[in-house]
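First the structure, in the form of structure tokens, and then the observations on it.
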Amino acid sequence: MTRTDALLEVRDLSVTVPGGATLVDRVSFEVAGGERLAIVGESGSGKSVTARALLRLDTDVTLDGSVRLGGQELTTLTESELTRIRGRRASMVFQDPLSALHPTRTIGAQVAEPLTVHGVGRREARRRAATMLDELGIADARRRMRAYPHEFSGGMRQRVAMAIALVGEPDLLIADEPTTALDVRVQEQLFALLGRVAAERSLAVVLITHDIGTVAGFADRVLVMYAGRVAEQGGVGSLLGAPRHPYAAALRAAVPRLDTRPGQLVALPGTTPAPADRPAGCAFHPRCPVALDVCRTSPPALQPVDDGEVACHLVREVAA
Ligand code: SF4
């Protein structure tokens, strides 16, 4: 599937660690300008490794394949060339905002820094930092720029981390479980805020999450990963409304709904196998309630369906 309007084009991206274990195996997807893609999967699915590989944040892994941003290949850039991309054209926020914040530097200095390192004057950088904090709902932003991270709540610290990521006006934000450590009410506020800011700025977002329930009101497209591979991807309506891959269906079924009675949740037994322990055939077959004989020996190839693609023998059999 190739789209002509893609801002980010990821083609056959593989990530291996020393010793040869493959964390991510030939993952391909595209994100258009202003589009929001959610990459969903359990712990060990490879979703965060994929996100970090886009900007080559991990230096101890080997990448194969292609990552193009605005037509520019990122996998072959030098570290100094990549530094010019990070924060300006693409930036990241992480689950733990404290990891992105320096404890003894003021909020204002940290939000202004992505601008000053790229040559913006100090006064202008602080003005734009205050505007960004204000946009992200930090009341009395100019005064609070003099505060330190420990003076902010977890939700406010994540807003500051988002301000640092967005102040350089990137085209793409990669958000890796940005709300996981926060309570549900604050999560909802942050998603609403991020959605509004992204729409106003035509910002493309790649959201990494283990919780498929959080993507319904936020993402345009969803990509489900299992054991380092794409299981299914497609538009949010079709993937959440009628998931075709049994793993995507299990994730969807595990989301509590308002009409769900206690004890009615569908739990997915087992866990994602470690990269070195992936079974032959479809890696999901030991957990799959509808596995066929062929699933134990032959890995399913991705095949196009409606507005997406799915890797499952059962889907191919039904289509045949
Ligand atoms: Fe289940 Fe087979 Fe489809 Fe894998 S390929 S998800 S084991 S039916």
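Residues in the structure tokens are named by chain (A, B, ... in the order shown) and by number from 1 within that chain; ligands are numbered from 1 in the order shown.
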Taking only C-alpha atoms and all ligand atoms and a cut-off of 6 Å, can you tell me which residues surround ligand 1, written as a list in words? His245, Pro246, Cys282, Phe284, His285, Cys288, Val290, Ala291, Leu292, Cys295, Pro300, Cys312, His313 and Leu314 of chain A
Output N, CA and C atoms of each residue in that selection to a file, as a short mmCIF file (atom, residue, chain, number, x, y, z; two decimals), in the first residue's frame.
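The result, stored in part_33.cif:
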data_model
loop_
_atom_site.label_atom_id
_atom_site.label_comp_id
_atom_site.auth_asym_id
_atom_site.auth_seq_id
_atom_site.Cartn_x
_atom_site.Cartn_y
_atom_site.Cartn_z
N HIS A 245 -8.20 -9.68 12.36
CA HIS A 245 -7.18 -10.55 12.94
C HIS A 245 -7.63 -10.98 14.34
N PRO A 246 -7.53 -12.27 14.67
CA PRO A 246 -8.00 -12.71 15.99
C PRO A 246 -7.32 -11.98 17.15
N CYS A 282 2.56 -18.85 12.48
CA CYS A 282 2.03 -17.59 13.02
C CYS A 282 2.41 -17.51 14.49
N PHE A 284 1.21 -16.01 16.79
CA PHE A 284 0.06 -15.91 17.68
C PHE A 284 -0.62 -17.27 17.88
N HIS A 285 -0.19 -18.33 17.14
CA HIS A 285 -1.01 -19.55 17.11
C HIS A 285 -1.20 -20.21 18.48
N CYS A 288 -4.17 -18.41 19.86
CA CYS A 288 -5.28 -18.10 18.95
C CYS A 288 -6.41 -19.11 19.11
N VAL A 290 -8.78 -19.77 17.12
CA VAL A 290 -9.29 -20.32 15.86
C VAL A 290 -8.15 -20.80 14.96
N ALA A 291 -7.02 -21.15 15.56
CA ALA A 291 -5.84 -21.53 14.75
C ALA A 291 -6.13 -22.74 13.88
N LEU A 292 -5.57 -22.72 12.67
CA LEU A 292 -5.67 -23.84 11.73
C LEU A 292 -4.37 -24.63 11.78
N CYS A 295 -1.34 -22.79 10.51
CA CYS A 295 -0.85 -21.69 11.35
C CYS A 295 0.39 -22.11 12.15
N PRO A 300 1.72 -16.27 8.22
CA PRO A 300 0.81 -15.66 7.24
C PRO A 300 1.39 -14.36 6.67
N CYS A 312 -3.27 -13.06 8.36
CA CYS A 312 -3.95 -14.19 9.03
C CYS A 312 -4.41 -15.19 7.98
N HIS A 313 -4.07 -16.47 8.18
CA HIS A 313 -4.49 -17.50 7.23
C HIS A 313 -6.00 -17.61 7.15
N LEU A 314 -6.65 -17.40 8.29
CA LEU A 314 -8.10 -17.57 8.33
C LEU A 314 -8.79 -16.55 7.40
#
Please extract the residues of segment 31-269 of chain A with a backbone DSSP assignment of alpha helix (DSSP H) and present them as a PyMOL selection string. chain A and resi 47-54+79-85+97-100+107-116+122-135+141-144+154-166+184-201+236-241+246-253
Which residue of A:Ala100, A:Ala248, A:Val184, A:Val111 approaches Tyr226 of chain A most closely, using only C-alpha atoms: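 For Tyr226 of chain A, the nearest of the candidates is A:Ala248.
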Can you tell me, as a PDB file with all heavy atoms, in the first residue's frame, which residues in segment 42-223 of chain A count as strand (DSSP E or B) by DSSP?
ATOM      1  N   THR A  62      20.540  -2.812  15.295  1.00  0.00           N
ATOM      2  CA  THR A  62      20.780  -2.683  13.850  1.00  0.00           C
ATOM      3  C   THR A  62      19.443  -2.512  13.140  1.00  0.00           C
ATOM      4  O   THR A  62      18.494  -3.258  13.405  1.00  0.00           O
ATOM      5  CB  THR A  62      21.474  -3.958  13.315  1.00  0.00           C
ATOM      6  OG1 THR A  62      22.681  -4.152  14.043  1.00  0.00           O
ATOM      7  CG2 THR A  62      21.790  -3.819  11.835  1.00  0.00           C
ATOM      8  N   LEU A  63      19.390  -1.508  12.269  1.00  0.00           N
ATOM      9  CA  LEU A  63      18.164  -1.249  11.511  1.00  0.00           C
ATOM     10  C   LEU A  63      18.335  -1.710  10.075  1.00  0.00           C
ATOM     11  O   LEU A  63      19.402  -1.547   9.490  1.00  0.00           O
ATOM     12  CB  LEU A  63      17.839   0.254  11.487  1.00  0.00           C
ATOM     13  CG  LEU A  63      17.659   0.996  12.807  1.00  0.00           C
ATOM     14  CD1 LEU A  63      17.140   2.403  12.533  1.00  0.00           C
ATOM     15  CD2 LEU A  63      16.699   0.255  13.707  1.00  0.00           C
ATOM     16  N   ASP A  64      17.250  -2.259   9.522  1.00  0.00           N
ATOM     17  CA  ASP A  64      17.168  -2.537   8.095  1.00  0.00           C
ATOM     18  C   ASP A  64      15.898  -1.907   7.582  1.00  0.00           C
ATOM     19  O   ASP A  64      14.958  -1.702   8.347  1.00  0.00           O
ATOM     20  CB  ASP A  64      17.122  -4.049   7.843  1.00  0.00           C
ATOM     21  CG  ASP A  64      18.512  -4.637   7.739  1.00  0.00           C
ATOM     22  OD1 ASP A  64      19.336  -4.048   7.026  1.00  0.00           O
ATOM     23  OD2 ASP A  64      18.750  -5.651   8.411  1.00  0.00           O
ATOM     24  N   GLY A  65      15.868  -1.659   6.279  1.00  0.00           N
ATOM     25  CA  GLY A  65      14.663  -1.079   5.705  1.00  0.00           C
ATOM     26  C   GLY A  65      14.801   0.424   5.560  1.00  0.00           C
ATOM     27  O   GLY A  65      15.914   0.970   5.641  1.00  0.00           O
ATOM     28  N   SER A  66      13.680   1.085   5.375  1.00  0.00           N
ATOM     29  CA  SER A  66      13.702   2.506   5.036  1.00  0.00           C
ATOM     30  C   SER A  66      12.718   3.287   5.902  1.00  0.00           C
ATOM     31  O   SER A  66      11.612   2.809   6.181  1.00  0.00           O
ATOM     32  CB  SER A  66      13.327   2.655   3.554  1.00  0.00           C
ATOM     33  OG  SER A  66      13.045   3.996   3.239  1.00  0.00           O
ATOM     34  N   VAL A  67      13.154   4.474   6.354  1.00  0.00           N
ATOM     35  CA  VAL A  67      12.272   5.424   7.045  1.00  0.00           C
ATOM     36  C   VAL A  67      12.445   6.763   6.342  1.00  0.00           C
ATOM     37  O   VAL A  67      13.527   7.352   6.382  1.00  0.00           O
ATOM     38  CB  VAL A  67      12.640   5.575   8.544  1.00  0.00           C
ATOM     39  CG1 VAL A  67      11.738   6.619   9.212  1.00  0.00           C
ATOM     40  CG2 VAL A  67      12.534   4.242   9.270  1.00  0.00           C
ATOM     41  N   ARG A  68      11.407   7.220   5.664  1.00  0.00           N
ATOM     42  CA  ARG A  68      11.497   8.486   4.937  1.00  0.00           C
ATOM     43  C   ARG A  68      10.536   9.493   5.571  1.00  0.00           C
ATOM     44  O   ARG A  68       9.370   9.185   5.803  1.00  0.00           O
ATOM     45  CB  ARG A  68      11.157   8.298   3.455  1.00  0.00           C
ATOM     46  CG  ARG A  68      12.160   7.403   2.725  1.00  0.00           C
ATOM     47  CD  ARG A  68      11.705   7.104   1.305  1.00  0.00           C
ATOM     48  NE  ARG A  68      11.890   8.238   0.418  1.00  0.00           N
ATOM     49  CZ  ARG A  68      13.025   8.513  -0.210  1.00  0.00           C
ATOM     50  NH1 ARG A  68      14.082   7.733  -0.032  1.00  0.00           N
ATOM     51  NH2 ARG A  68      13.129   9.552  -0.990  1.00  0.00           N
ATOM     52  N   LEU A  69      11.070  10.687   5.840  1.00  0.00           N
ATOM     53  CA  LEU A  69      10.255  11.767   6.398  1.00  0.00           C
ATOM     54  C   LEU A  69      10.275  12.919   5.405  1.00  0.00           C
ATOM     55  O   LEU A  69      11.346  13.466   5.116  1.00  0.00           O
ATOM     56  CB  LEU A  69      10.815  12.219   7.750  1.00  0.00           C
ATOM     57  CG  LEU A  69      10.049  13.347   8.449  1.00  0.00           C
ATOM     58  CD1 LEU A  69       8.644  12.912   8.847  1.00  0.00           C
ATOM     59  CD2 LEU A  69      10.808  13.829   9.676  1.00  0.00           C
ATOM     60  N   GLN A  72      12.800  12.425   2.759  1.00  0.00           N
ATOM     61  CA  GLN A  72      14.217  12.298   3.134  1.00  0.00           C
ATOM     62  C   GLN A  72      14.454  10.989   3.899  1.00  0.00           C
ATOM     63  O   GLN A  72      13.774  10.729   4.898  1.00  0.00           O
ATOM     64  CB  GLN A  72      14.641  13.473   4.009  1.00  0.00           C
ATOM     65  CG  GLN A  72      16.118  13.441   4.385  1.00  0.00           C
ATOM     66  CD  GLN A  72      16.533  14.681   5.168  1.00  0.00           C
ATOM     67  OE1 GLN A  72      15.695  15.338   5.802  1.00  0.00           O
ATOM     68  NE2 GLN A  72      17.809  14.995   5.116  1.00  0.00           N
ATOM     69  N   GLU A  73      15.414  10.211   3.421  1.00  0.00           N
ATOM     70  CA  GLU A  73      15.745   8.947   4.088  1.00  0.00           C
ATOM     71  C   GLU A  73      16.475   9.234   5.400  1.00  0.00           C
ATOM     72  O   GLU A  73      17.484   9.948   5.427  1.00  0.00           O
ATOM     73  CB  GLU A  73      16.643   8.099   3.162  1.00  0.00           C
ATOM     74  CG  GLU A  73      17.076   6.780   3.745  1.00  0.00           C
ATOM     75  CD  GLU A  73      15.893   5.845   4.032  1.00  0.00           C
ATOM     76  OE1 GLU A  73      15.097   5.608   3.123  1.00  0.00           O
ATOM     77  OE2 GLU A  73      15.780   5.388   5.189  1.00  0.00           O
ATOM     78  N   ARG A  86      15.576  15.972  14.630  1.00  0.00           N
ATOM     79  CA  ARG A  86      14.874  15.758  15.897  1.00  0.00           C
ATOM     80  C   ARG A  86      14.500  17.103  16.526  1.00  0.00           C
ATOM     81  O   ARG A  86      15.360  17.974  16.672  1.00  0.00           O
ATOM     82  CB  ARG A  86      15.743  14.977  16.882  1.00  0.00           C
ATOM     83  CG  ARG A  86      16.037  13.548  16.458  1.00  0.00           C
ATOM     84  CD  ARG A  86      16.814  12.843  17.558  1.00  0.00           C
ATOM     85  NE  ARG A  86      17.413  11.608  17.100  1.00  0.00           N
ATOM     86  CZ  ARG A  86      18.710  11.314  17.210  1.00  0.00           C
ATOM     87  NH1 ARG A  86      19.546  12.164  17.775  1.00  0.00           N
ATOM     88  NH2 ARG A  86      19.171  10.166  16.768  1.00  0.00           N
ATOM     89  N   ALA A  90      10.608  16.337  13.511  1.00  0.00           N
ATOM     90  CA  ALA A  90       9.933  15.231  14.207  1.00  0.00           C
ATOM     91  C   ALA A  90      10.425  15.210  15.642  1.00  0.00           C
ATOM     92  O   ALA A  90      11.604  15.438  15.902  1.00  0.00           O
ATOM     93  CB  ALA A  90      10.260  13.902  13.530  1.00  0.00           C
ATOM     94  N   SER A  91       9.518  14.962  16.580  1.00  0.00           N
ATOM     95  CA  SER A  91       9.958  14.893  17.974  1.00  0.00           C
ATOM     96  C   SER A  91       9.137  13.841  18.710  1.00  0.00           C
ATOM     97  O   SER A  91       8.161  13.321  18.181  1.00  0.00           O
ATOM     98  CB  SER A  91       9.874  16.253  18.659  1.00  0.00           C
ATOM     99  OG  SER A  91       8.606  16.792  18.491  1.00  0.00           O
ATOM    100  N   MET A  92       9.574  13.545  19.935  1.00  0.00           N
ATOM    101  CA  MET A  92       8.967  12.455  20.704  1.00  0.00           C
ATOM    102  C   MET A  92       8.578  12.895  22.101  1.00  0.00           C
ATOM    103  O   MET A  92       9.261  13.727  22.692  1.00  0.00           O
ATOM    104  CB  MET A  92       9.961  11.292  20.840  1.00  0.00           C
ATOM    105  CG  MET A  92       9.916  10.314  19.698  1.00  0.00           C
ATOM    106  SD  MET A  92      10.831   8.785  20.040  1.00  0.00           S
ATOM    107  CE  MET A  92       9.558   7.761  20.800  1.00  0.00           C
ATOM    108  N   VAL A  93       7.502  12.322  22.633  1.00  0.00           N
ATOM    109  CA  VAL A  93       7.225  12.391  24.061  1.00  0.00           C
ATOM    110  C   VAL A  93       7.109  10.958  24.571  1.00  0.00           C
ATOM    111  O   VAL A  93       6.670  10.060  23.849  1.00  0.00           O
ATOM    112  CB  VAL A  93       5.946  13.180  24.420  1.00  0.00           C
ATOM    113  CG1 VAL A  93       6.151  14.651  24.226  1.00  0.00           C
ATOM    114  CG2 VAL A  93       4.748  12.705  23.632  1.00  0.00           C
ATOM    115  N   LEU A 172       5.829  16.096  12.702  1.00  0.00           N
ATOM    116  CA  LEU A 172       5.468  14.768  13.202  1.00  0.00           C
ATOM    117  C   LEU A 172       5.797  14.675  14.687  1.00  0.00           C
ATOM    118  O   LEU A 172       6.905  15.022  15.100  1.00  0.00           O
ATOM    119  CB  LEU A 172       6.273  13.695  12.443  1.00  0.00           C
ATOM    120  CG  LEU A 172       6.175  12.257  12.967  1.00  0.00           C
ATOM    121  CD1 LEU A 172       4.776  11.697  12.730  1.00  0.00           C
ATOM    122  CD2 LEU A 172       7.221  11.373  12.289  1.00  0.00           C
ATOM    123  N   LEU A 173       4.834  14.193  15.472  1.00  0.00           N
ATOM    124  CA  LEU A 173       5.071  13.900  16.893  1.00  0.00           C
ATOM    125  C   LEU A 173       4.907  12.397  17.108  1.00  0.00           C
ATOM    126  O   LEU A 173       3.903  11.816  16.698  1.00  0.00           O
ATOM    127  CB  LEU A 173       4.065  14.650  17.776  1.00  0.00           C
ATOM    128  CG  LEU A 173       4.181  14.338  19.274  1.00  0.00           C
ATOM    129  CD1 LEU A 173       5.445  14.976  19.850  1.00  0.00           C
ATOM    130  CD2 LEU A 173       2.948  14.808  20.038  1.00  0.00           C
ATOM    131  N   ILE A 174       5.899  11.787  17.743  1.00  0.00           N
ATOM    132  CA  ILE A 174       5.809  10.378  18.104  1.00  0.00           C
ATOM    133  C   ILE A 174       5.581  10.344  19.611  1.00  0.00           C
ATOM    134  O   ILE A 174       6.416  10.830  20.380  1.00  0.00           O
ATOM    135  CB  ILE A 174       7.103   9.632  17.718  1.00  0.00           C
ATOM    136  CG1 ILE A 174       7.352   9.776  16.214  1.00  0.00           C
ATOM    137  CG2 ILE A 174       7.004   8.163  18.110  1.00  0.00           C
ATOM    138  CD1 ILE A 174       8.769   9.446  15.800  1.00  0.00           C
ATOM    139  N   ALA A 175       4.434   9.830  20.028  1.00  0.00           N
ATOM    140  CA  ALA A 175       4.060   9.848  21.450  1.00  0.00           C
ATOM    141  C   ALA A 175       4.018   8.405  21.952  1.00  0.00           C
ATOM    142  O   ALA A 175       3.148   7.630  21.542  1.00  0.00           O
ATOM    143  CB  ALA A 175       2.699  10.523  21.612  1.00  0.00           C
ATOM    144  N   ASP A 176       4.971   8.051  22.817  1.00  0.00           N
ATOM    145  CA  ASP A 176       5.113   6.671  23.283  1.00  0.00           C
ATOM    146  C   ASP A 176       4.451   6.519  24.652  1.00  0.00           C
ATOM    147  O   ASP A 176       5.011   6.932  25.660  1.00  0.00           O
ATOM    148  CB  ASP A 176       6.606   6.307  23.347  1.00  0.00           C
ATOM    149  CG  ASP A 176       6.819   4.826  23.628  1.00  0.00           C
ATOM    150  OD1 ASP A 176       5.821   4.097  23.766  1.00  0.00           O
ATOM    151  OD2 ASP A 176       7.989   4.405  23.703  1.00  0.00           O
ATOM    152  N   ALA A 204       1.123  15.616  12.284  1.00  0.00           N
ATOM    153  CA  ALA A 204       0.938  14.166  12.201  1.00  0.00           C
ATOM    154  C   ALA A 204       1.386  13.557  13.526  1.00  0.00           C
ATOM    155  O   ALA A 204       2.361  14.019  14.121  1.00  0.00           O
ATOM    156  CB  ALA A 204       1.761  13.590  11.054  1.00  0.00           C
ATOM    157  N   VAL A 205       0.663  12.547  13.995  1.00  0.00           N
ATOM    158  CA  VAL A 205       0.990  11.923  15.281  1.00  0.00           C
ATOM    159  C   VAL A 205       1.083  10.411  15.100  1.00  0.00           C
ATOM    160  O   VAL A 205       0.197   9.805  14.481  1.00  0.00           O
ATOM    161  CB  VAL A 205      -0.070  12.245  16.356  1.00  0.00           C
ATOM    162  CG1 VAL A 205       0.302  11.591  17.686  1.00  0.00           C
ATOM    163  CG2 VAL A 205      -0.243  13.747  16.539  1.00  0.00           C
ATOM    164  N   VAL A 206       2.153   9.822  15.622  1.00  0.00           N
ATOM    165  CA  VAL A 206       2.222   8.365  15.782  1.00  0.00           C
ATOM    166  C   VAL A 206       2.109   8.107  17.276  1.00  0.00           C
ATOM    167  O   VAL A 206       2.994   8.482  18.045  1.00  0.00           O
ATOM    168  CB  VAL A 206       3.542   7.787  15.224  1.00  0.00           C
ATOM    169  CG1 VAL A 206       3.630   6.287  15.526  1.00  0.00           C
ATOM    170  CG2 VAL A 206       3.634   8.016  13.718  1.00  0.00           C
ATOM    171  N   LEU A 207       0.979   7.526  17.688  1.00  0.00           N
ATOM    172  CA  LEU A 207       0.723   7.257  19.101  1.00  0.00           C
ATOM    173  C   LEU A 207       1.004   5.784  19.376  1.00  0.00           C
ATOM    174  O   LEU A 207       0.435   4.907  18.721  1.00  0.00           O
ATOM    175  CB  LEU A 207      -0.741   7.569  19.435  1.00  0.00           C
ATOM    176  CG  LEU A 207      -1.225   7.108  20.811  1.00  0.00           C
ATOM    177  CD1 LEU A 207      -0.591   7.949  21.912  1.00  0.00           C
ATOM    178  CD2 LEU A 207      -2.754   7.162  20.894  1.00  0.00           C
ATOM    179  N   ILE A 208       1.868   5.527  20.346  1.00  0.00           N
ATOM    180  CA  ILE A 208       2.159   4.156  20.753  1.00  0.00           C
ATOM    181  C   ILE A 208       1.356   3.867  22.014  1.00  0.00           C
ATOM    182  O   ILE A 208       1.445   4.625  22.989  1.00  0.00           O
ATOM    183  CB  ILE A 208       3.674   3.994  21.072  1.00  0.00           C
ATOM    184  CG1 ILE A 208       4.531   4.508  19.919  1.00  0.00           C
ATOM    185  CG2 ILE A 208       4.007   2.544  21.420  1.00  0.00           C
ATOM    186  CD1 ILE A 208       4.340   3.816  18.623  1.00  0.00           C
ATOM    187  N   THR A 209       0.574   2.805  22.004  1.00  0.00           N
ATOM    188  CA  THR A 209      -0.233   2.508  23.191  1.00  0.00           C
ATOM    189  C   THR A 209      -0.516   1.004  23.306  1.00  0.00           C
ATOM    190  O   THR A 209      -0.614   0.309  22.298  1.00  0.00           O
ATOM    191  CB  THR A 209      -1.561   3.295  23.181  1.00  0.00           C
ATOM    192  OG1 THR A 209      -2.317   2.956  24.344  1.00  0.00           O
ATOM    193  CG2 THR A 209      -2.397   2.994  21.956  1.00  0.00           C
ATOM    194  N   ARG A 221      -6.073   6.147  11.958  1.00  0.00           N
ATOM    195  CA  ARG A 221      -5.739   4.784  11.538  1.00  0.00           C
ATOM    196  C   ARG A 221      -5.113   4.046  12.718  1.00  0.00           C
ATOM    197  O   ARG A 221      -4.559   4.673  13.631  1.00  0.00           O
ATOM    198  CB  ARG A 221      -4.758   4.796  10.354  1.00  0.00           C
ATOM    199  CG  ARG A 221      -5.354   5.430   9.090  1.00  0.00           C
ATOM    200  CD  ARG A 221      -4.368   5.406   7.943  1.00  0.00           C
ATOM    201  NE  ARG A 221      -4.021   4.053   7.531  1.00  0.00           N
ATOM    202  CZ  ARG A 221      -4.795   3.267   6.798  1.00  0.00           C
ATOM    203  NH1 ARG A 221      -5.975   3.691   6.394  1.00  0.00           N
ATOM    204  NH2 ARG A 221      -4.409   2.051   6.475  1.00  0.00           N
ATOM    205  N   VAL A 222      -5.196   2.721  12.674  1.00  0.00           N
ATOM    206  CA  VAL A 222      -4.653   1.886  13.746  1.00  0.00           C
ATOM    207  C   VAL A 222      -3.802   0.794  13.122  1.00  0.00           C
ATOM    208  O   VAL A 222      -4.178   0.210  12.096  1.00  0.00           O
ATOM    209  CB  VAL A 222      -5.779   1.248  14.587  1.00  0.00           C
ATOM    210  CG1 VAL A 222      -5.196   0.416  15.728  1.00  0.00           C
ATOM    211  CG2 VAL A 222      -6.719   2.308  15.147  1.00  0.00           C
ATOM    212  N   LEU A 223      -2.636   0.543  13.734  1.00  0.00           N
ATOM    213  CA  LEU A 223      -1.776  -0.565  13.325  1.00  0.00           C
ATOM    214  C   LEU A 223      -1.570  -1.444  14.556  1.00  0.00           C
ATOM    215  O   LEU A 223      -1.120  -0.966  15.599  1.00  0.00           O
ATOM    216  CB  LEU A 223      -0.445  -0.017  12.805  1.00  0.00           C
ATOM    217  CG  LEU A 223       0.574  -1.005  12.223  1.00  0.00           C
ATOM    218  CD1 LEU A 223       1.486  -0.284  11.231  1.00  0.00           C
ATOM    219  CD2 LEU A 223       1.419  -1.656  13.304  1.00  0.00           C
TER     220      LEU A 223
END
